[in-house]
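**Q** Just dropping this structure here.
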Amino acid sequence: MGFNYRGAWSIYQRELMRAFRTAFQSLIAPVITTSLYFIVFGSAIGSRMEPIGGVEYAAFIIPGLLMLTLLGETTSNSSFGIYMPRFTGTIYELLSAPVGVAETLIGFVGAAATKSLILAAVILGTATLFVDYEIKYPLFAFGFIMLVAASFSLFGFILGIWADSFEKLGIIPVLILTPLTFLGGTFYSLDMLPDPWDKIALANPIAFLVSGLRWTFYGTADVSIGVSLGLTLGFLAVCTGIIAYIFKTGWRLRE
Amino acid sequence: MSEPILSISGLSKVYKGGVKALDDVNLEIKKGEIFALLGPNGAGKTTLIGAVCGLVRPSGGTIEVFGNDLGKEWRSARARIGLVPQELSTDMFETVYRAVSYSRGLFGHAPDKVRIEEVLRSLSLWEKKDSQIRELSGGMKRRVLIAKALAHEPDLLFLDEPTAGVDVELRKDMWQQIAALRERGTTIILTTHYIEEAEEMADRVGIIRKGQILMVDDKDAMMQRMGRTEAVIELAEPLASLPASIAKFPVELRDDGKEICYRGGDGAGGGRQDVADLTKALIAADINYRGIDIHDSSLEDIFVGLVSEQEEA
C-alpha cells in the first residue's frame, strides 16, 4: 500500500466539517472582532490620522489586522485539531490507521490552512465595507497568505502535540502571538517608533510577516520583502523538521 | 485454521520510569480463530494490543502480521487490522453514519454506502445513523466503536474489553456478532475481564500476567488438563474418620465430619465418574448421605488458580 490519499482526504474533510459545525466560533467571531478593529482604529481614530507612506490609515492597517487574525486562528485551529483527539482518546484510530506523516499533515494542516484562506477572504471582504483599498500584487498577496497559513498550521500542529492541557494550548496564541502581532507594526509603521525601539522591534519575527504582507498590498514595507519571505520559508522548514522528528520518535503520540 | 496470521517474538515494552509492561512475549495467532487474552489489571493486555496496532512503540522484539514485518510493511498491515479500544473514545458530536464512513476512508477504502449500511444494520445501529454519538447509550457507543473497526473490513480484529460496561442482554448480543464475524473468516483477538466470555467464544486462550505469557492453549484442552470437579456430600450422620475404601479418593472430611468434600478429576468428565464411584463406595461402607452438590471448575477457576499460583511463587 502506497500513499493513502483516501485517508488524507478523510481527515481533511472531517476537519473542515468540524469547522463548519462550529461556524460561529471559526468564522463569524473573527469577522466581528476584525470589524470592531476597523470601526475603532480605522474609522474613529484613523479618520484623524495622517496617511502612512501614502496609504490611508484605515487601509494601512488591513494587512496587519489580517495577519493578527490569521496567525491566531490558524494556530488555534490546527493545534485544536490534533489536541482534541489526544484529549478525548480518539487519536487511537489515527495511530492505528495506515496513515503516515504526509497524510496526517495534508489532512490536519491542509484543513487548517484552508480554513485560514477562507477566513482571510472573509476578512478582506469585510474590510471593503469600511475602507476602499486595492491590492497592488494580488498573486503575491495570495502566495504570502498561503505560506503564512501553512507555516502557522504546522506550528499549531506542533503546539497541539506539545500541549498536555487546555491552558498550554491557549497560552502561545494569547500570550505570545497576539502581543507580538500588536507590537509588530499592525497599527503603525516601524519607522514611526523612536530610536532605539524601531531597532528593537526588528527582533520581533512577526514584524517581518506584517511587513511582508503590507508590501504585497501597497508595495511599501518596513523591511525587504526578500527578508520577510526568507524568514517565513525558514520558519516553515523548521516546523516541518520538528514534525518529521515527532513522527519518527512518536513523541507525545505513541507511548 | 492453522496458518499464522500474527507472530510475535521476544516482544518487550518498558515505559518511561522503568515499568516493564511486556517481557519477552512470544505468541502466534492462527488465521480464523478467536483468541482470548486473559489477565488481571495491568497484566499487559492493552500494551500488547497497542504494540500490534501502532499505539505503542515496542522496546524490543518483532511482530509479523500477514507474513510481513510490521515495522516495514506497516501501511498494508494496518489497512487489514481493526481495533475496538477499551475506552469509549469517539467524536461525540459526529453522527453515527459519518463517524463510520470516516473510519472507512481513513483506512484507505473508497466510500461504500452499501457496506456501511450492512455494518450498521448488523449492529442494530441503522435506526441511529443520523444521531450524534453523544445521544447514544454506553452500549450503543460501544457498538459504534465496533462498527468503526469493521468499516474497512479487517482480516484481523482486536477487541479490547468489548463488553465492558454493557448489560447482560447486549453482551450476549455482541457475542453473536463476534461469532458471525468469525463465520466470515475474521480472526479475532479479544481481551476480557469476563472469563465467561472467553469460555463462551474463544478457540484458544492465553493467560498473561506481569507482561509475561503464562500459558497458551486450546480452551477445551486447557479445561481438560486443568479442570477439576468438586463435590460436597452431606452425610446423614457425622463421621469421626474416613474408612480406607473412601480415603483412597481425593477427599477430605469437613464441617465436624458432616461433609465429605471431593476435589479431583479433569475437565473431561473424569471427576464425575470418580464421584459416582465414591457414592457406590459410601453405600458399600454403609455410610448414608442426604445430598450431593457437584460442579465442574470453570475457566475462571482455572484462571484464578493459575494467577494465584504464580503470585505465591
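Lettering and numbering for the C-alpha cells are positional, with chains as A, B, ... in the shown order, residues counted from 1 in each chain, and ligands counted from 1 in the shown order.
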List every residue of chain A that has an atom at most 6 Å from any atom of chain B, and for each one report the closest atom pair and its distance in Å to one decimal, counting only C-alpha atoms, with rows sorted by chain and then by increasing residue number, as a tab-separated table.
**A**
```
residue	atom	partner	partner_atom	distance
A:Met1	CA	B:Ser76	CA	5.0
A:Asn4	CA	B:Gly108	CA	5.7
A:Arg6	CA	B:Gly108	CA	5.0
A:Gly7	CA	B:Leu106	CA	3.8
A:Ser10	CA	B:Gly105	CA	5.5
A:Gly89	CA	B:Ser89	CA	5.3
A:Thr90	CA	B:Ser89	CA	5.0
A:Leu95	CA	B:Leu55	CA	5.9
A:Ser96	CA	B:Cys53	CA	5.1
A:Ala97	CA	B:Phe107	CA	5.6
A:Pro98	CA	B:Arg75	CA	4.5
A:Arg254	CA	B:Val56	CA	5.2
A:Glu255	CA	B:Val56	CA	4.9
```
**Q** Given the selection you just returned, output its residues as a file containing C-alpha atoms, formatted as a PDB file, in the first residue's frame.
**A**
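Saved the output as again.pdb:
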```
ATOM      1  CA  MET A   1       0.000   0.000   0.000  1.00  0.00           C
ATOM      2  CA  ASN A   4      -3.084   6.686   1.447  1.00  0.00           C
ATOM      3  CA  ARG A   6      -8.206   8.493   0.779  1.00  0.00           C
ATOM      4  CA  GLY A   7      -7.006   8.613   4.368  1.00  0.00           C
ATOM      5  CA  SER A  10     -10.947  11.772   5.017  1.00  0.00           C
ATOM      6  CA  GLY A  89      -8.602   9.396  23.131  1.00  0.00           C
ATOM      7  CA  THR A  90      -9.915   9.216  19.562  1.00  0.00           C
ATOM      8  CA  LEU A  95      -2.430   5.982  15.078  1.00  0.00           C
ATOM      9  CA  SER A  96      -3.745   2.561  14.134  1.00  0.00           C
ATOM     10  CA  ALA A  97      -4.676   3.605  10.588  1.00  0.00           C
ATOM     11  CA  PRO A  98      -2.427   3.281   7.530  1.00  0.00           C
ATOM     12  CA  ARG A 254       2.882   6.835  20.684  1.00  0.00           C
ATOM     13  CA  GLU A 255       3.768   5.643  24.150  1.00  0.00           C
TER      14      GLU A 255
END
```
**Q** Determine which residues of stretch 51-239 of chain B receive a DSSP assignment of alpha helix (DSSP H), computed from the backbone, and state them as a PyMOL selection string.
**A** chain B and resi 51-53+74-78+96-106+113-122+138-150+168-183+195-201+219-226
**Q** Just the residues within 12 Å of B:Arg121, please, counting only C-alpha atoms, with nothing from its chain fewer than 3 positions along; format it as a ChimeraX atom specification.
**A** /B:96-97,113-118,124-129,143-144,147,177
**Q** Leaving out B:Gly291 and any residue of its chain fewer than 4 positions from it, which residues lie within 10 Å of it when counting only C-alpha atoms, given as an mmCIF file with N, CA and C atoms, in the first residue's frame?
**A**
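Wrote it out as result-v5.cif, contents follow:
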```
data_model
loop_
_atom_site.group_PDB
_atom_site.id
_atom_site.type_symbol
_atom_site.label_atom_id
_atom_site.label_comp_id
_atom_site.auth_asym_id
_atom_site.auth_seq_id
_atom_site.Cartn_x
_atom_site.Cartn_y
_atom_site.Cartn_z
ATOM 1 N N VAL B 232 -19.592 -31.971 47.078
ATOM 2 C CA VAL B 232 -19.764 -31.944 48.542
ATOM 3 C C VAL B 232 -20.899 -32.902 48.885
ATOM 4 N N ILE B 233 -20.558 -33.893 49.653
ATOM 5 C CA ILE B 233 -21.551 -34.914 50.025
ATOM 6 C C ILE B 233 -21.947 -34.683 51.479
ATOM 7 N N GLU B 234 -23.221 -34.431 51.655
ATOM 8 C CA GLU B 234 -23.732 -34.173 53.014
ATOM 9 C C GLU B 234 -24.116 -35.511 53.658
ATOM 10 N N LEU B 235 -23.447 -35.803 54.757
ATOM 11 C CA LEU B 235 -23.660 -37.118 55.395
ATOM 12 C C LEU B 235 -24.883 -37.111 56.326
ATOM 13 N N ALA B 236 -25.522 -38.274 56.420
ATOM 14 C CA ALA B 236 -26.687 -38.395 57.311
ATOM 15 C C ALA B 236 -26.229 -38.358 58.774
ATOM 16 N N GLU B 259 -19.596 -33.426 56.392
ATOM 17 C CA GLU B 259 -19.494 -33.369 54.925
ATOM 18 C C GLU B 259 -18.217 -34.045 54.455
#
```
**Q** Separation of atom CA of A:Tyr5 and atom CA of A:Leu159, in Å?
**A**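 Separation between atom CA of A:Tyr5 and atom CA of A:Leu159: 25.0 Å.
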**Q** Show which residues sit within 8 Å of stretch 295-297 of chain B, as a PDB file with C-alpha atoms, in the first residue's frame. Count only C-alpha atoms, and ignore same-chain residues fewer than 6 positions away.
**A**
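Final output, result-v4.pdb:
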```
ATOM      1  CA  GLY B 227     -10.256 -28.503  35.055  1.00  0.00           C
ATOM      2  CA  ARG B 228     -11.415 -30.080  38.287  1.00  0.00           C
ATOM      3  CA  THR B 229     -14.645 -31.438  39.721  1.00  0.00           C
ATOM      4  CA  GLU B 230     -15.752 -30.519  43.214  1.00  0.00           C
ATOM      5  CA  ALA B 231     -18.443 -32.481  45.025  1.00  0.00           C
ATOM      6  CA  GLY B 267     -12.248 -31.147  32.783  1.00  0.00           C
TER       7      GLY B 267
END
```
**Q** Quick one: pull the distance between atom CA of A:Gly185 and atom CA of A:Thr69, Å, one decimal.
**A** 14.1 Å
**Q** Please measure the separation of atom CA of B:Arg209 and atom CA of B:Asp301, giving the value in Å to one decimal.
**A**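 A separation of 15.9 Å between them.
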**Q** So that I can check the surroundings of A:Thr220, please list as a ChimeraX atom specification every protein, DNA and RNA residue that reaches within 10 Å of it, counting only C-alpha atoms and ignoring chain neighbours fewer than 3 positions away.
**A** /A:52-55,211-217,223-225
**Q** Which neighbours of A:Thr75 fall inside 7 Å, counting only C-alpha atoms, when residues of the same chain fewer than 3 positions from it are skipped, and could you give them as a PyMOL selection string?
**A** chain A and resi 71-72+78-79+152-153+155-156+173
**Q** Would you return as a compact mmCIF listing (two decimals) with C-alpha atoms, in the first residue's frame the members of stretch 174-218 of chain B that DSSP assigns to strand (DSSP E or B) on this structure's backbone?
**A**
```txt
# COMPACT_ATOMS: atom_id res chain seq x y z
CA THR B 187 -9.52 -13.55 13.02
CA ILE B 188 -10.38 -12.11 16.42
CA ILE B 189 -8.20 -11.38 19.41
CA LEU B 190 -10.08 -10.24 22.46
CA THR B 191 -9.16 -9.27 25.96
CA ARG B 204 -7.73 -20.66 22.27
CA VAL B 205 -6.87 -18.86 25.43
CA GLY B 206 -3.70 -17.08 26.52
CA ILE B 207 -3.05 -16.02 30.09
CA ILE B 208 -0.82 -13.05 30.68
CA ARG B 209 0.47 -11.70 33.96
CA GLN B 212 4.61 -12.47 30.57
CA ILE B 213 2.52 -15.08 28.82
CA LEU B 214 1.95 -17.81 31.38
CA MET B 215 0.10 -20.20 29.16
CA VAL B 216 -1.42 -20.52 25.71
CA ASP B 217 -3.61 -23.46 24.85
CA ASP B 218 -6.81 -24.62 23.20
```
**Q** Under the rule that only C-alpha atoms are counted, which of B:Thr186, B:Asn26, B:Thr95, B:Ser308 is the nearest residue to A:Arg18?
**A**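 Nearest to A:Arg18: B:Thr95.
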